[in-house]
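Coordinates as given in coords_27.cif (mmCIF, C-alpha atoms and all ligand atoms):
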```cif
data_model
loop_
_atom_site.group_PDB
_atom_site.id
_atom_site.type_symbol
_atom_site.label_atom_id
_atom_site.label_comp_id
_atom_site.auth_asym_id
_atom_site.auth_seq_id
_atom_site.Cartn_x
_atom_site.Cartn_y
_atom_site.Cartn_z
ATOM 1 C CA MET A 1 0.000 0.000 0.000
ATOM 2 C CA LYS A 2 1.225 3.491 -0.890
ATOM 3 C CA LYS A 3 1.236 6.133 1.795
ATOM 4 C CA ILE A 4 0.890 9.869 1.161
ATOM 5 C CA LEU A 5 1.032 12.877 3.429
ATOM 6 C CA VAL A 6 -1.102 15.838 2.435
ATOM 7 C CA MET A 7 0.247 19.082 3.887
ATOM 8 C CA ALA A 8 -2.215 21.964 4.206
ATOM 9 C CA SER A 9 -2.708 25.201 6.150
ATOM 10 C CA GLY A 10 -6.211 26.418 5.403
ATOM 11 C CA ASN A 11 -9.525 25.507 3.889
ATOM 12 C CA GLY A 12 -8.653 22.020 2.660
ATOM 13 C CA SER A 13 -10.895 21.648 -0.384
ATOM 14 C CA ASN A 14 -8.049 19.987 -2.313
ATOM 15 C CA PHE A 15 -7.376 17.686 0.630
ATOM 16 C CA GLU A 16 -11.022 16.610 0.587
ATOM 17 C CA ALA A 17 -10.990 16.047 -3.191
ATOM 18 C CA ILE A 18 -7.899 13.839 -2.800
ATOM 19 C CA VAL A 19 -9.477 11.822 0.021
ATOM 20 C CA GLU A 20 -12.676 11.300 -2.007
ATOM 21 C CA TYR A 21 -10.744 10.235 -5.094
ATOM 22 C CA PHE A 22 -8.706 7.608 -3.238
ATOM 23 C CA ARG A 23 -11.642 6.190 -1.278
ATOM 24 C CA ASN A 24 -11.666 2.409 -1.885
ATOM 25 C CA LYS A 25 -8.232 2.566 -3.491
ATOM 26 C CA ASP A 26 -5.084 1.129 -2.009
ATOM 27 C CA VAL A 27 -3.602 4.421 -0.807
ATOM 28 C CA LEU A 28 -3.295 5.554 2.791
ATOM 29 C CA ILE A 29 -3.681 9.294 3.316
ATOM 30 C CA GLU A 30 -2.606 11.271 6.352
ATOM 31 C CA LEU A 31 -2.738 15.024 6.932
ATOM 32 C CA LEU A 32 -0.192 17.409 8.369
ATOM 33 C CA CYS A 33 -1.484 20.881 9.183
ATOM 34 C CA ASN A 34 0.667 23.694 10.556
ATOM 35 C CA ILE A 35 -2.232 25.886 11.722
ATOM 36 C CA GLU A 36 -4.305 25.036 14.767
ATOM 37 C CA GLY A 37 -8.015 25.529 14.090
ATOM 38 C CA ALA A 38 -7.664 25.446 10.286
ATOM 39 C CA ASN A 39 -10.755 24.249 8.442
ATOM 40 C CA VAL A 40 -8.808 21.370 6.895
ATOM 41 C CA ILE A 41 -8.661 19.749 10.348
ATOM 42 C CA SER A 42 -12.471 19.680 10.599
ATOM 43 C CA ARG A 43 -12.513 18.006 7.203
ATOM 44 C CA ALA A 44 -10.010 15.362 8.368
ATOM 45 C CA LYS A 45 -12.161 14.626 11.433
ATOM 46 C CA ARG A 46 -15.309 14.324 9.342
ATOM 47 C CA LEU A 47 -13.583 12.120 6.761
ATOM 48 C CA GLY A 48 -11.896 9.915 9.352
ATOM 49 C CA ILE A 49 -8.363 10.769 8.236
ATOM 50 C CA LYS A 50 -5.481 10.670 10.700
ATOM 51 C CA TYR A 51 -4.063 14.158 11.158
ATOM 52 C CA PHE A 52 -1.117 15.822 12.839
ATOM 53 C CA ILE A 53 -0.913 19.457 13.841
ATOM 54 C CA VAL A 54 2.755 20.401 13.614
ATOM 55 C CA LYS A 55 4.226 23.885 13.957
ATOM 56 C CA PHE A 56 6.202 24.863 10.853
ATOM 57 C CA THR A 57 9.459 25.021 12.836
ATOM 58 C CA ASP A 58 8.971 21.426 14.079
ATOM 59 C CA THR A 59 8.343 19.953 10.616
ATOM 60 C CA TYR A 60 11.728 18.263 10.185
ATOM 61 C CA LYS A 61 11.769 16.857 13.725
ATOM 62 C CA PHE A 62 8.296 15.418 13.130
ATOM 63 C CA LEU A 63 8.933 13.942 9.677
ATOM 64 C CA LYS A 64 12.487 12.668 9.930
ATOM 65 C CA ASP A 65 11.614 9.210 11.281
ATOM 66 C CA LYS A 66 8.507 8.720 9.145
ATOM 67 C CA LYS A 67 8.270 7.522 5.572
ATOM 68 C CA TYR A 68 5.774 8.484 2.893
ATOM 69 C CA ASP A 69 5.820 7.641 -0.815
ATOM 70 C CA LEU A 70 4.772 11.185 -1.675
ATOM 71 C CA TYR A 71 4.357 14.509 0.131
ATOM 72 C CA VAL A 72 1.474 16.480 -1.355
ATOM 73 C CA LEU A 73 1.283 20.209 -0.650
ATOM 74 C CA ALA A 74 -2.293 21.445 -0.944
ATOM 75 C CA GLY A 75 -2.456 25.030 0.245
ATOM 76 C CA TYR A 76 0.512 24.591 2.624
ATOM 77 C CA MET A 77 1.488 28.223 2.902
ATOM 78 C CA ARG A 78 5.092 27.973 4.114
ATOM 79 C CA ILE A 79 8.379 27.466 2.304
ATOM 80 C CA LEU A 80 9.922 24.147 3.260
ATOM 81 C CA PRO A 81 13.640 24.062 4.082
ATOM 82 C CA ARG A 82 16.165 21.858 2.314
ATOM 83 C CA ASN A 83 16.413 19.219 5.073
ATOM 84 C CA VAL A 84 12.659 18.599 4.874
ATOM 85 C CA LEU A 85 12.657 18.455 1.065
ATOM 86 C CA ALA A 86 15.462 15.873 1.185
ATOM 87 C CA LEU A 87 13.137 13.414 2.956
ATOM 88 C CA GLY A 88 11.281 12.420 -0.215
ATOM 89 C CA ARG A 89 9.295 13.615 -3.222
ATOM 90 C CA PHE A 90 7.275 16.773 -2.653
ATOM 91 C CA ILE A 91 4.708 18.166 -5.094
ATOM 92 C CA ASN A 92 2.655 21.353 -4.950
ATOM 93 C CA ILE A 93 -0.388 22.798 -6.667
ATOM 94 C CA HIS A 94 -0.483 26.488 -7.518
ATOM 95 C CA PRO A 95 -3.442 28.473 -8.910
ATOM 96 C CA SER A 96 -1.742 30.101 -11.906
ATOM 97 C CA LEU A 97 0.157 29.160 -15.029
ATOM 98 C CA LEU A 98 3.658 29.215 -13.589
ATOM 99 C CA PRO A 99 5.984 31.060 -13.817
ATOM 100 C CA GLU A 100 3.276 33.745 -13.880
ATOM 101 C CA PHE A 101 1.779 34.922 -10.577
ATOM 102 C CA ARG A 102 3.992 33.066 -8.129
ATOM 103 C CA GLY A 103 3.268 33.480 -4.420
ATOM 104 C CA LEU A 104 0.169 34.606 -2.557
ATOM 105 C CA ASN A 105 -3.238 35.624 -3.976
ATOM 106 C CA ALA A 106 -2.377 34.320 -7.440
ATOM 107 C CA ILE A 107 -5.983 34.086 -8.652
ATOM 108 C CA LYS A 108 -6.804 37.653 -7.630
ATOM 109 C CA ARG A 109 -3.609 39.019 -9.131
ATOM 110 C CA ALA A 110 -4.289 37.260 -12.443
ATOM 111 C CA TYR A 111 -7.885 38.555 -12.378
ATOM 112 C CA ASN A 112 -6.784 42.134 -11.704
ATOM 113 C CA SER A 113 -4.030 42.012 -14.323
ATOM 114 C CA GLY A 114 -6.570 41.950 -17.131
ATOM 115 C CA CYS A 115 -5.077 38.816 -18.688
ATOM 116 C CA LYS A 116 -7.483 36.527 -20.546
ATOM 117 C CA VAL A 117 -6.103 33.167 -19.517
ATOM 118 C CA THR A 118 -4.803 31.841 -16.237
ATOM 119 C CA GLY A 119 -4.760 28.299 -14.859
ATOM 120 C CA VAL A 120 -3.355 25.747 -12.459
ATOM 121 C CA THR A 121 0.116 24.208 -12.253
ATOM 122 C CA VAL A 122 1.344 21.120 -10.420
ATOM 123 C CA HIS A 123 5.099 20.977 -9.890
ATOM 124 C CA TYR A 124 7.856 19.371 -7.853
ATOM 125 C CA VAL A 125 8.855 21.522 -4.897
ATOM 126 C CA GLU A 126 12.163 23.313 -4.600
ATOM 127 C CA GLU A 127 13.346 25.679 -1.927
ATOM 128 C CA GLU A 128 12.177 28.776 -3.750
ATOM 129 C CA VAL A 129 8.503 29.730 -3.870
ATOM 130 C CA ASP A 130 6.432 28.041 -6.600
ATOM 131 C CA THR A 131 9.410 26.884 -8.645
ATOM 132 C CA GLY A 132 10.558 23.375 -9.528
ATOM 133 C CA GLU A 133 9.973 21.054 -12.452
ATOM 134 C CA ILE A 134 6.446 21.368 -13.852
ATOM 135 C CA ILE A 135 4.454 18.135 -13.924
ATOM 136 C CA ALA A 136 1.219 19.421 -15.473
ATOM 137 C CA ALA A 137 -0.623 22.654 -16.193
ATOM 138 C CA ARG A 138 -4.254 23.363 -17.151
ATOM 139 C CA LYS A 139 -5.551 26.582 -18.636
ATOM 140 C CA CYS A 140 -8.593 28.476 -17.425
ATOM 141 C CA GLU A 141 -10.132 31.280 -19.446
ATOM 142 C CA ILE A 142 -11.098 34.502 -17.715
ATOM 143 C CA GLU A 143 -14.340 35.277 -19.485
ATOM 144 C CA GLN A 144 -15.508 38.836 -19.978
ATOM 145 C CA GLY A 145 -17.650 40.086 -17.102
ATOM 146 C CA MET A 146 -16.710 37.163 -14.895
ATOM 147 C CA ALA A 147 -16.653 37.927 -11.156
ATOM 148 C CA LEU A 148 -13.550 37.099 -9.138
ATOM 149 C CA CYS A 149 -15.469 34.523 -7.109
ATOM 150 C CA GLU A 150 -16.559 32.788 -10.313
ATOM 151 C CA LEU A 151 -12.971 32.556 -11.472
ATOM 152 C CA GLU A 152 -11.967 31.202 -8.060
ATOM 153 C CA GLY A 153 -14.680 28.554 -8.302
ATOM 154 C CA LYS A 154 -13.552 27.543 -11.757
ATOM 155 C CA ILE A 155 -9.893 27.332 -10.717
ATOM 156 C CA HIS A 156 -10.723 25.224 -7.668
ATOM 157 C CA GLN A 157 -12.793 22.876 -9.802
ATOM 158 C CA ILE A 158 -9.828 22.381 -12.123
ATOM 159 C CA GLU A 159 -7.574 21.765 -9.109
ATOM 160 C CA HIS A 160 -9.902 19.176 -7.573
ATOM 161 C CA ASN A 161 -10.112 17.423 -10.883
ATOM 162 C CA MET A 162 -6.449 17.337 -11.835
ATOM 163 C CA TYR A 163 -4.539 16.939 -8.553
ATOM 164 C CA PRO A 164 -5.772 13.481 -7.456
ATOM 165 C CA LYS A 165 -5.140 12.013 -10.921
ATOM 166 C CA ILE A 166 -1.618 13.400 -11.030
ATOM 167 C CA ILE A 167 -0.914 12.001 -7.564
ATOM 168 C CA GLU A 168 -2.139 8.613 -8.730
ATOM 169 C CA GLU A 169 0.106 8.731 -11.803
ATOM 170 C CA ILE A 170 3.156 9.634 -9.752
ATOM 171 C CA LEU A 171 2.469 6.852 -7.238
HETATM 172 C C1 LIG B 201 -5.377 26.309 -3.687
HETATM 173 O O1 LIG B 201 -5.996 27.149 -4.626
HETATM 174 C C2 LIG B 201 -3.901 26.149 -4.010
HETATM 175 O O2 LIG B 201 -3.650 26.136 -5.378
HETATM 176 C C3 LIG B 201 -3.322 27.360 -3.344
HETATM 177 O O3 LIG B 201 -4.003 27.454 -2.125
HETATM 178 C C4 LIG B 201 -5.340 26.992 -2.308
HETATM 179 C C5 LIG B 201 -5.707 26.039 -1.192
HETATM 180 O O4 LIG B 201 -7.071 25.745 -1.232
HETATM 181 N N1 LIG B 201 -1.910 27.250 -3.152
HETATM 182 C C6 LIG B 201 -1.040 28.251 -3.297
HETATM 183 O O5 LIG B 201 -1.377 29.384 -3.550
HETATM 184 C C7 LIG B 201 0.423 27.856 -3.126
HETATM 185 N N2 LIG B 201 1.288 28.939 -3.460
HETATM 186 P P1 LIG B 201 -7.693 24.567 -0.362
HETATM 187 O O6 LIG B 201 -7.147 24.768 1.077
HETATM 188 O O7 LIG B 201 -9.166 24.744 -0.411
HETATM 189 O O8 LIG B 201 -7.235 23.265 -0.931
#
```
Can you turn what I pasted into structure tokens?
Amino acid sequence: MKKILVMASGNGSNFEAIVEYFRNKDVLIELLCNIEGANVISRAKRLGIKYFIVKFTDTYKFLKDKKYDLYVLAGYMRILPRNVLALGRFINIHPSLLPEFRGLNAIKRAYNSGCKVTGVTVHYVEEEVDTGEIIAARKCEIEQGMALCELEGKIHQIEHNMYPKIIEEIL
């Protein structure tokens, strides 16, 4: 059985999509969250997924004696240091067509830029923010008159659709 660790800090909609996708498949999912009280923890409780709340600064100490086949960042909003990244394969999902709109609030920044197309990128994680070899990217058109919340909804739908399948392929 393959074992993956989803790492998240906030809402956790990608975490939930991953859990749903792998239901009844031979993959064990655990959650690491660095923020106490984050919504993703309520999701883990509801879905019956084992979770760990670990301060960012304790990440290496916590992970060094554990082994996962893949570390899946899903809205984990900290930059992981080299010693953590050396523990295995880390992937991340980012709501833009990288290298455009790296960092925080990528959807809003794309929306406000007036560009017509944005998207979602899944990539291997390196020490710098939102860099590393690109595994897959999907485009998302910004239609005329579209509200920001509509674009956000569309982007999240693409994320929920693509991320679990990519994880499965990598495993
Ligand atoms: C997702 O849109 C993800 O792409 C983004 O955070 C959101 C988490 O949503 N990640 C980044 O911006 C990483 N730089 P979720 O908590 O509902 O899965």
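By all atoms listed in the file, and with residues fewer than 4 positions from stretch 79-81 of chain A along its chain excluded, the set lying at most 10 Å from it is A:Phe56, A:Thr57, A:Thr59, A:Tyr60, A:Leu85, A:Ala86, A:Phe90, A:Val125, A:Glu126, A:Glu127, A:Glu128, A:Val129, A:Asp130.
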Output the residue selection produced by the PyMOL selection byres (((chain A and resi 136) around 9) and not hetatm) on the file above, formatted as a PyMOL selection string. chain A and resi 120-123+134-135+137-138+162+166
Produce a file of the selected residues containing C-alpha atoms, as a short mmCIF file (atom, residue, chain, number, x, y, z; two decimals), in the coordinates of the input.
```
data_model
loop_
_atom_site.label_atom_id
_atom_site.label_comp_id
_atom_site.auth_asym_id
_atom_site.auth_seq_id
_atom_site.Cartn_x
_atom_site.Cartn_y
_atom_site.Cartn_z
CA VAL A 120 -3.36 25.75 -12.46
CA THR A 121 0.12 24.21 -12.25
CA VAL A 122 1.34 21.12 -10.42
CA HIS A 123 5.10 20.98 -9.89
CA ILE A 134 6.45 21.37 -13.85
CA ILE A 135 4.45 18.14 -13.92
CA ALA A 137 -0.62 22.65 -16.19
CA ARG A 138 -4.25 23.36 -17.15
CA MET A 162 -6.45 17.34 -11.84
CA ILE A 166 -1.62 13.40 -11.03
#
```
Can you list, as JSON, numbers by chain, the residues that the PyMOL selection byres (((not hetatm)) within 6 of (chain B and resi 201)) selects here? {"A": [10, 11, 12, 13, 14, 15, 74, 75, 93, 94, 95, 103, 104, 156]}
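Shortest atom-to-atom contact with A:Lys139 among A:Arg109, A:Arg102, A:His160, A:Lys154: A:Lys154, counting all atoms listed in the file.
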Would you write out, as a PyMOL selection string, every residue that the PyMOL selection byres (((chain A and resi 46-52) around 8) and not hetatm) captures in this file? chain A and resi 19+29-33+41-45+53-54
For A:Val72, the closest of A:Gly153, A:Gly114, A:Gly119, A:Pro164 counting only C-alpha atoms is A:Pro164
Point-to-point distance in Å for atom CA of A:Val84 and atom CA of A:Lys61: 9.1 Å
Using only C-alpha atoms: which of A:Lys3, A:Val40, A:Tyr124, A:Leu73 has the shortest distance to A:Phe22: A:Lys3
Just add all heavy atoms to stretch 118-129 of chain A and send it as an mmCIF file, in the frame of the given file.
```cif
data_model
loop_
_atom_site.group_PDB
_atom_site.id
_atom_site.type_symbol
_atom_site.label_atom_id
_atom_site.label_comp_id
_atom_site.auth_asym_id
_atom_site.auth_seq_id
_atom_site.Cartn_x
_atom_site.Cartn_y
_atom_site.Cartn_z
ATOM 1 N N THR A 118 -5.677 32.222 -17.348
ATOM 2 C CA THR A 118 -4.803 31.841 -16.237
ATOM 3 C C THR A 118 -4.893 30.317 -16.120
ATOM 4 O O THR A 118 -5.165 29.652 -17.118
ATOM 5 C CB THR A 118 -5.163 32.602 -14.935
ATOM 6 O OG1 THR A 118 -4.241 32.209 -13.925
ATOM 7 C CG2 THR A 118 -6.587 32.361 -14.489
ATOM 8 N N GLY A 119 -4.671 29.759 -14.940
ATOM 9 C CA GLY A 119 -4.760 28.299 -14.859
ATOM 10 C C GLY A 119 -4.226 27.743 -13.566
ATOM 11 O O GLY A 119 -4.171 28.441 -12.537
ATOM 12 N N VAL A 120 -3.833 26.488 -13.633
ATOM 13 C CA VAL A 120 -3.355 25.747 -12.459
ATOM 14 C C VAL A 120 -2.105 24.981 -12.870
ATOM 15 O O VAL A 120 -2.060 24.419 -13.965
ATOM 16 C CB VAL A 120 -4.427 24.743 -11.980
ATOM 17 C CG1 VAL A 120 -3.906 23.901 -10.823
ATOM 18 C CG2 VAL A 120 -5.719 25.460 -11.587
ATOM 19 N N THR A 121 -1.121 24.952 -11.978
ATOM 20 C CA THR A 121 0.116 24.208 -12.253
ATOM 21 C C THR A 121 0.423 23.270 -11.091
ATOM 22 O O THR A 121 0.317 23.660 -9.925
ATOM 23 C CB THR A 121 1.309 25.183 -12.432
ATOM 24 O OG1 THR A 121 0.967 26.157 -13.414
ATOM 25 C CG2 THR A 121 2.564 24.438 -12.861
ATOM 26 N N VAL A 122 0.830 22.054 -11.423
ATOM 27 C CA VAL A 122 1.344 21.120 -10.420
ATOM 28 C C VAL A 122 2.827 20.928 -10.716
ATOM 29 O O VAL A 122 3.211 20.737 -11.870
ATOM 30 C CB VAL A 122 0.604 19.771 -10.468
ATOM 31 C CG1 VAL A 122 1.233 18.773 -9.494
ATOM 32 C CG2 VAL A 122 -0.875 19.960 -10.148
ATOM 33 N N HIS A 123 3.644 21.037 -9.675
ATOM 34 C CA HIS A 123 5.099 20.977 -9.890
ATOM 35 C C HIS A 123 5.798 20.333 -8.703
ATOM 36 O O HIS A 123 5.255 20.289 -7.593
ATOM 37 C CB HIS A 123 5.636 22.401 -10.115
ATOM 38 C CG HIS A 123 5.442 23.314 -8.934
ATOM 39 N ND1 HIS A 123 6.394 23.513 -7.964
ATOM 40 C CD2 HIS A 123 4.368 24.041 -8.529
ATOM 41 C CE1 HIS A 123 5.928 24.343 -7.041
ATOM 42 N NE2 HIS A 123 4.696 24.675 -7.358
ATOM 43 N N TYR A 124 7.016 19.837 -8.955
ATOM 44 C CA TYR A 124 7.856 19.371 -7.853
ATOM 45 C C TYR A 124 8.306 20.584 -7.053
ATOM 46 O O TYR A 124 8.423 21.687 -7.597
ATOM 47 C CB TYR A 124 9.055 18.569 -8.381
ATOM 48 C CG TYR A 124 8.646 17.203 -8.870
ATOM 49 C CD1 TYR A 124 8.534 16.919 -10.226
ATOM 50 C CD2 TYR A 124 8.335 16.198 -7.957
ATOM 51 C CE1 TYR A 124 8.129 15.654 -10.659
ATOM 52 C CE2 TYR A 124 7.929 14.937 -8.382
ATOM 53 C CZ TYR A 124 7.831 14.672 -9.738
ATOM 54 O OH TYR A 124 7.417 13.440 -10.155
ATOM 55 N N VAL A 125 8.544 20.393 -5.770
ATOM 56 C CA VAL A 125 8.855 21.522 -4.897
ATOM 57 C C VAL A 125 10.358 21.705 -4.759
ATOM 58 O O VAL A 125 11.088 20.749 -4.517
ATOM 59 C CB VAL A 125 8.246 21.309 -3.494
ATOM 60 C CG1 VAL A 125 8.559 22.496 -2.581
ATOM 61 C CG2 VAL A 125 6.751 21.111 -3.597
ATOM 62 N N GLU A 126 10.785 22.932 -4.909
ATOM 63 C CA GLU A 126 12.163 23.313 -4.600
ATOM 64 C C GLU A 126 12.119 24.352 -3.500
ATOM 65 O O GLU A 126 11.050 24.790 -3.104
ATOM 66 C CB GLU A 126 12.833 23.882 -5.853
ATOM 67 C CG GLU A 126 13.204 22.779 -6.821
ATOM 68 C CD GLU A 126 13.832 23.324 -8.095
ATOM 69 O OE1 GLU A 126 13.987 24.548 -8.207
ATOM 70 O OE2 GLU A 126 14.141 22.496 -8.954
ATOM 71 N N GLU A 127 13.301 24.769 -3.078
ATOM 72 C CA GLU A 127 13.346 25.679 -1.927
ATOM 73 C C GLU A 127 12.725 27.036 -2.201
ATOM 74 O O GLU A 127 12.209 27.675 -1.296
ATOM 75 C CB GLU A 127 14.796 25.866 -1.497
ATOM 76 C CG GLU A 127 15.105 25.077 -0.239
ATOM 77 C CD GLU A 127 16.490 25.388 0.236
ATOM 78 O OE1 GLU A 127 17.453 24.936 -0.397
ATOM 79 O OE2 GLU A 127 16.589 26.097 1.239
ATOM 80 N N GLU A 128 12.773 27.479 -3.444
ATOM 81 C CA GLU A 128 12.177 28.776 -3.750
ATOM 82 C C GLU A 128 10.664 28.646 -3.912
ATOM 83 O O GLU A 128 10.162 27.565 -4.191
ATOM 84 C CB GLU A 128 12.762 29.309 -5.051
ATOM 85 C CG GLU A 128 13.931 30.227 -4.826
ATOM 86 C CD GLU A 128 14.499 30.682 -6.150
ATOM 87 O OE1 GLU A 128 13.842 31.520 -6.787
ATOM 88 O OE2 GLU A 128 15.549 30.165 -6.531
ATOM 89 N N VAL A 129 9.958 29.753 -3.809
ATOM 90 C CA VAL A 129 8.503 29.730 -3.870
ATOM 91 C C VAL A 129 8.002 29.380 -5.274
ATOM 92 O O VAL A 129 8.386 30.018 -6.252
ATOM 93 C CB VAL A 129 7.920 31.128 -3.522
ATOM 94 C CG1 VAL A 129 6.401 31.075 -3.461
ATOM 95 C CG2 VAL A 129 8.478 31.603 -2.219
#
```
